[in-house]
$ cat target.txt   # compact mmCIF, C-alpha atoms
# COMPACT_ATOMS: atom_id res chain seq x y z
CA MET A 12 0.00 0.00 0.00
CA ALA A 13 1.45 3.39 -0.99
CA THR A 14 1.72 6.09 1.64
CA GLN A 15 1.08 9.73 0.91
CA ASP A 16 3.36 12.46 2.23
CA ILE A 17 0.99 15.34 2.89
CA MET A 18 3.74 17.99 3.00
CA THR A 19 5.27 17.15 -0.39
CA LYS A 20 2.10 15.70 -1.94
CA THR A 21 3.82 12.61 -3.26
CA THR A 22 2.62 9.04 -3.36
CA GLY A 23 5.54 6.68 -2.86
CA ASN A 24 8.31 7.94 -5.16
CA SER A 25 6.21 9.54 -7.88
CA PRO A 26 4.68 13.02 -7.60
CA ILE A 27 0.93 13.48 -7.85
CA PRO A 28 0.11 15.02 -11.26
CA ARG A 29 -0.83 18.69 -11.01
CA ASN A 30 -2.49 21.07 -13.40
CA THR A 31 0.54 22.82 -14.89
CA SER A 32 -1.50 25.40 -16.81
CA GLN A 33 -2.12 27.45 -13.67
CA THR A 34 0.74 28.69 -11.49
CA GLU A 35 0.27 28.61 -7.71
CA ARG A 36 0.68 32.18 -6.44
CA ARG A 37 -0.24 31.78 -2.78
CA GLY A 38 2.54 32.52 -0.31
CA SER A 39 0.91 30.71 2.61
CA ARG A 40 -1.45 27.79 3.21
CA ARG A 41 -5.22 28.20 3.22
CA CYS A 42 -7.68 27.08 5.87
CA LYS A 43 -11.33 26.48 5.08
CA ILE A 44 -12.82 28.77 7.71
CA ASN A 45 -16.24 30.39 7.64
CA GLN A 46 -15.73 33.73 9.37
CA LEU A 47 -18.16 36.64 9.11
CA MET A 48 -16.69 39.73 7.40
CA ARG A 49 -17.89 43.25 6.70
CA ILE A 50 -16.59 44.48 3.33
CA ARG A 51 -16.80 48.04 2.00
CA PRO A 52 -15.02 49.92 -0.81
CA SER A 53 -12.23 52.19 0.48
CA ASP A 54 -12.38 54.56 -2.51
CA PRO A 55 -14.92 57.35 -1.93
CA GLU A 56 -15.27 57.70 -5.72
CA LYS A 57 -16.71 54.17 -6.00
CA GLU A 58 -20.38 53.43 -5.37
CA HIS A 59 -20.77 52.56 -1.67
CA PHE A 60 -21.91 49.11 -0.62
CA GLU A 61 -21.64 47.08 2.56
CA ASP A 62 -21.30 43.33 2.05
CA LEU A 63 -21.65 41.02 5.07
CA ARG A 64 -20.26 37.64 4.00
CA GLY A 65 -18.69 34.51 5.42
CA SER A 66 -15.25 33.54 4.18
CA THR A 67 -14.77 30.24 2.35
CA SER A 68 -11.00 30.06 2.94
CA VAL A 69 -8.46 32.18 4.79
CA SER A 70 -4.67 32.44 4.79
CA ARG A 71 -2.24 34.85 6.46
CA SER A 72 -2.33 37.12 3.45
CA GLY A 73 -5.71 36.60 1.82
CA VAL A 74 -9.34 35.58 1.96
CA SER A 75 -11.80 34.12 -0.51
CA PHE A 76 -15.57 34.35 -0.33
CA GLN A 77 -18.72 34.12 -2.44
CA THR A 78 -21.04 37.06 -2.98
CA SER A 79 -24.03 38.26 -4.96
CA GLU A 80 -22.63 41.84 -4.98
CA LYS A 81 -21.74 42.82 -8.57
CA SER A 82 -19.59 45.91 -7.80
CA TYR A 83 -16.27 44.12 -7.16
CA GLU A 84 -13.46 44.75 -9.68
CA ILE A 85 -9.89 43.46 -9.95
CA GLY A 86 -7.59 45.96 -8.24
CA MET A 87 -10.41 47.47 -6.15
CA ARG A 88 -9.32 48.48 -2.64
CA LEU A 89 -11.55 47.47 0.25
CA PHE A 90 -11.96 47.92 3.99
CA VAL A 91 -12.47 44.43 5.43
CA THR A 92 -13.51 43.95 9.05
CA MET A 93 -12.92 40.40 10.26
CA PRO A 94 -13.97 38.71 12.30
CA TYR A 95 -17.05 40.92 12.32
CA SER A 96 -19.62 41.05 15.10
CA ARG A 97 -22.22 43.56 16.25
CA GLU A 98 -21.89 42.38 19.86
CA PRO A 99 -21.20 45.27 22.28
CA ALA A 100 -17.92 43.79 23.59
CA ALA A 101 -16.63 42.58 20.22
CA ILE A 102 -13.12 43.43 19.10
CA ASN A 103 -13.12 43.58 15.32
CA ARG A 104 -9.97 43.99 13.22
CA GLU A 105 -10.08 46.12 10.10
CA TYR A 106 -7.78 45.58 7.12
CA LEU A 107 -7.05 47.34 3.86
CA ALA A 108 -7.36 44.74 1.08
CA GLU A 109 -7.28 44.49 -2.70
CA VAL A 110 -9.39 42.32 -5.01
CA VAL A 111 -7.02 39.96 -6.85
CA ARG A 112 -9.46 37.37 -8.26
CA LEU A 113 -13.04 37.32 -9.56
CA GLU A 114 -14.77 34.19 -10.76
CA ALA A 115 -18.34 33.58 -11.94
CA LEU A 116 -19.60 30.48 -10.13
CA PRO A 117 -22.17 27.91 -11.35
CA ASN A 118 -24.48 28.80 -8.42
CA GLY A 119 -24.91 32.36 -9.77
CA LEU A 120 -22.64 33.95 -7.16
CA ASN A 121 -19.22 35.49 -7.74
CA GLY A 122 -16.09 34.05 -6.15
CA VAL A 123 -13.86 36.87 -4.87
CA GLY A 124 -10.24 36.58 -3.75
CA ILE A 125 -8.73 39.44 -1.77
CA LYS A 126 -5.18 40.12 -0.65
CA LEU A 127 -4.78 41.68 2.80
CA LEU A 128 -2.44 44.64 2.40
CA MET A 129 -2.27 46.00 5.94
CA GLU A 130 -4.07 45.99 9.26
CA MET A 131 -5.83 49.27 9.95
CA GLY A 132 -6.36 48.50 13.62
CA MET A 133 -8.90 47.15 16.05
CA GLN A 134 -12.47 48.38 15.87
CA HIS A 135 -13.94 48.49 19.35
CA THR A 136 -17.67 48.65 19.81
CA TYR A 137 -17.49 49.45 23.51
CA SER A 138 -16.17 52.23 25.72
CA PHE A 139 -14.98 52.13 29.32
CA SER A 140 -14.85 55.92 29.55
CA PRO A 141 -17.75 58.04 30.70
CA PRO A 142 -19.21 60.26 28.00
CA SER A 143 -17.03 63.31 27.41
CA GLN A 144 -18.36 66.51 28.89
CA GLN A 145 -18.32 69.66 26.82
CA ARG A 146 -16.37 72.63 28.16
CA LYS A 147 -18.22 75.88 28.59
$ encode --input "target.txt" --output "structure tokens"
Amino acid sequence: MATQDIMTKTTGNSPIPRNTSQTERRGSRRCKINQLMRIRPSDPEKEHFEDLRGSTSVSRSGVSFQTSEKSYEIGMRLFVTMPYSREPAAINREYLAEVVRLEALPNGLNGVGIKLLMEMGMQHTYSFSPPSQQRK
């Protein structure tokens, strides 16, 4: 019985055939994680939309998801909040991202791949400080 080396993707001594027509461009491994995200265009010149979607796969540098939103374009910059929650004590992280892949899917949705460019910071939905008082 042949054993498979998961790290090198070989069976015994011969490599598993791969599709050589498409070059692998990912720099890190993907995990199939469904994580809620809030996605908005970062360019004020673009038509505004707010897309709340679950991811289909996540890596250190990118995310893929499916959407019915038709406004995505290759090269479009986005604000992506993930994980996203409306809970009062939630700590959401916001990222600047760029659309790097668009794909029409058989189910009528669009597959979108985004590259995370930089972390914008944490988005807190709570405050420990009392409301600020106005000076007279």
$ atom_distance --input "target.txt" --atom1 "atom CA of Phe76 of chain A" --atom2 "atom CA of Val123 of chain A"
5.5 Å
$ residues_around --input "target.txt" --residues "segment 125-130 of chain A" --least-positions-apart "6" --cutoff "12 Å" --atoms "all atoms listed in the file" --output "PyMOL selection string"
chain A and resi 36-39+50+66-77+83-93+103-113
$ atom_distance --input "target.txt" --atom1 "atom CA of Tyr95 of chain A" --atom2 "atom CA of Lys43 of chain A"
17.1 Å
$ atom_distance --input "target.txt" --atom1 "atom CA of Thr78 of chain A" --atom2 "atom CA of Cys42 of chain A"
18.9 Å
$ build_atoms --input "target.txt" --residues "segment 74-98 of chain A" --atoms "N, CA and C atoms" --output "PDB file, keeping the file's coordinate frame"
ATOM      1  N   VAL A  74      -8.049  36.165   1.624  1.00  0.00           N
ATOM      2  CA  VAL A  74      -9.340  35.580   1.960  1.00  0.00           C
ATOM      3  C   VAL A  74     -10.109  35.359   0.662  1.00  0.00           C
ATOM      4  N   SER A  75     -10.872  34.289   0.605  1.00  0.00           N
ATOM      5  CA  SER A  75     -11.800  34.120  -0.510  1.00  0.00           C
ATOM      6  C   SER A  75     -13.203  33.960   0.042  1.00  0.00           C
ATOM      7  N   PHE A  76     -14.171  34.420  -0.743  1.00  0.00           N
ATOM      8  CA  PHE A  76     -15.570  34.350  -0.330  1.00  0.00           C
ATOM      9  C   PHE A  76     -16.458  34.385  -1.563  1.00  0.00           C
ATOM     10  N   GLN A  77     -17.726  34.069  -1.371  1.00  0.00           N
ATOM     11  CA  GLN A  77     -18.720  34.120  -2.440  1.00  0.00           C
ATOM     12  C   GLN A  77     -19.701  35.237  -2.136  1.00  0.00           C
ATOM     13  N   THR A  78     -20.151  35.932  -3.185  1.00  0.00           N
ATOM     14  CA  THR A  78     -21.040  37.060  -2.980  1.00  0.00           C
ATOM     15  C   THR A  78     -21.994  37.233  -4.160  1.00  0.00           C
ATOM     16  N   SER A  79     -23.108  37.883  -3.901  1.00  0.00           N
ATOM     17  CA  SER A  79     -24.030  38.260  -4.960  1.00  0.00           C
ATOM     18  C   SER A  79     -23.803  39.707  -5.393  1.00  0.00           C
ATOM     19  N   GLU A  80     -22.958  40.438  -4.661  1.00  0.00           N
ATOM     20  CA  GLU A  80     -22.630  41.840  -4.980  1.00  0.00           C
ATOM     21  C   GLU A  80     -21.875  41.887  -6.307  1.00  0.00           C
ATOM     22  N   LYS A  81     -22.318  42.746  -7.221  1.00  0.00           N
ATOM     23  CA  LYS A  81     -21.740  42.820  -8.570  1.00  0.00           C
ATOM     24  C   LYS A  81     -20.703  43.936  -8.714  1.00  0.00           C
ATOM     25  N   SER A  82     -20.453  44.736  -7.679  1.00  0.00           N
ATOM     26  CA  SER A  82     -19.590  45.910  -7.800  1.00  0.00           C
ATOM     27  C   SER A  82     -18.096  45.636  -7.674  1.00  0.00           C
ATOM     28  N   TYR A  83     -17.694  44.418  -7.332  1.00  0.00           N
ATOM     29  CA  TYR A  83     -16.270  44.120  -7.160  1.00  0.00           C
ATOM     30  C   TYR A  83     -15.541  44.156  -8.500  1.00  0.00           C
ATOM     31  N   GLU A  84     -14.311  44.687  -8.492  1.00  0.00           N
ATOM     32  CA  GLU A  84     -13.460  44.750  -9.680  1.00  0.00           C
ATOM     33  C   GLU A  84     -12.045  44.358  -9.281  1.00  0.00           C
ATOM     34  N   ILE A  85     -11.292  43.762 -10.200  1.00  0.00           N
ATOM     35  CA  ILE A  85      -9.890  43.460  -9.950  1.00  0.00           C
ATOM     36  C   ILE A  85      -9.156  44.771  -9.664  1.00  0.00           C
ATOM     37  N   GLY A  86      -8.343  44.769  -8.618  1.00  0.00           N
ATOM     38  CA  GLY A  86      -7.590  45.960  -8.240  1.00  0.00           C
ATOM     39  C   GLY A  86      -8.323  46.888  -7.281  1.00  0.00           C
ATOM     40  N   MET A  87      -9.608  46.636  -7.050  1.00  0.00           N
ATOM     41  CA  MET A  87     -10.410  47.470  -6.150  1.00  0.00           C
ATOM     42  C   MET A  87      -9.895  47.349  -4.726  1.00  0.00           C
ATOM     43  N   ARG A  88      -9.749  48.481  -4.032  1.00  0.00           N
ATOM     44  CA  ARG A  88      -9.320  48.480  -2.640  1.00  0.00           C
ATOM     45  C   ARG A  88     -10.555  48.445  -1.739  1.00  0.00           C
ATOM     46  N   LEU A  89     -10.425  47.699  -0.649  1.00  0.00           N
ATOM     47  CA  LEU A  89     -11.550  47.470   0.250  1.00  0.00           C
ATOM     48  C   LEU A  89     -11.140  47.659   1.704  1.00  0.00           C
ATOM     49  N   PHE A  90     -12.098  48.023   2.539  1.00  0.00           N
ATOM     50  CA  PHE A  90     -11.960  47.920   3.990  1.00  0.00           C
ATOM     51  C   PHE A  90     -12.657  46.615   4.373  1.00  0.00           C
ATOM     52  N   VAL A  91     -11.925  45.729   5.025  1.00  0.00           N
ATOM     53  CA  VAL A  91     -12.470  44.430   5.430  1.00  0.00           C
ATOM     54  C   VAL A  91     -12.362  44.321   6.945  1.00  0.00           C
ATOM     55  N   THR A  92     -13.485  44.139   7.604  1.00  0.00           N
ATOM     56  CA  THR A  92     -13.510  43.950   9.050  1.00  0.00           C
ATOM     57  C   THR A  92     -13.752  42.469   9.300  1.00  0.00           C
ATOM     58  N   MET A  93     -12.771  41.826   9.967  1.00  0.00           N
ATOM     59  CA  MET A  93     -12.920  40.400  10.260  1.00  0.00           C
ATOM     60  C   MET A  93     -12.105  40.028  11.483  1.00  0.00           C
ATOM     61  N   PRO A  94     -12.589  39.176  12.316  1.00  0.00           N
ATOM     62  CA  PRO A  94     -13.970  38.710  12.300  1.00  0.00           C
ATOM     63  C   PRO A  94     -14.901  39.873  12.641  1.00  0.00           C
ATOM     64  N   TYR A  95     -16.105  39.835  12.118  1.00  0.00           N
ATOM     65  CA  TYR A  95     -17.050  40.920  12.320  1.00  0.00           C
ATOM     66  C   TYR A  95     -18.173  40.466  13.235  1.00  0.00           C
ATOM     67  N   SER A  96     -18.510  41.318  14.197  1.00  0.00           N
ATOM     68  CA  SER A  96     -19.620  41.050  15.100  1.00  0.00           C
ATOM     69  C   SER A  96     -20.222  42.373  15.545  1.00  0.00           C
ATOM     70  N   ARG A  97     -21.528  42.369  15.737  1.00  0.00           N
ATOM     71  CA  ARG A  97     -22.220  43.560  16.250  1.00  0.00           C
ATOM     72  C   ARG A  97     -22.348  43.531  17.766  1.00  0.00           C
ATOM     73  N   GLU A  98     -21.806  42.493  18.405  1.00  0.00           N
ATOM     74  CA  GLU A  98     -21.890  42.380  19.860  1.00  0.00           C
ATOM     75  C   GLU A  98     -21.200  43.580  20.521  1.00  0.00           C
TER      76      GLU A  98
END
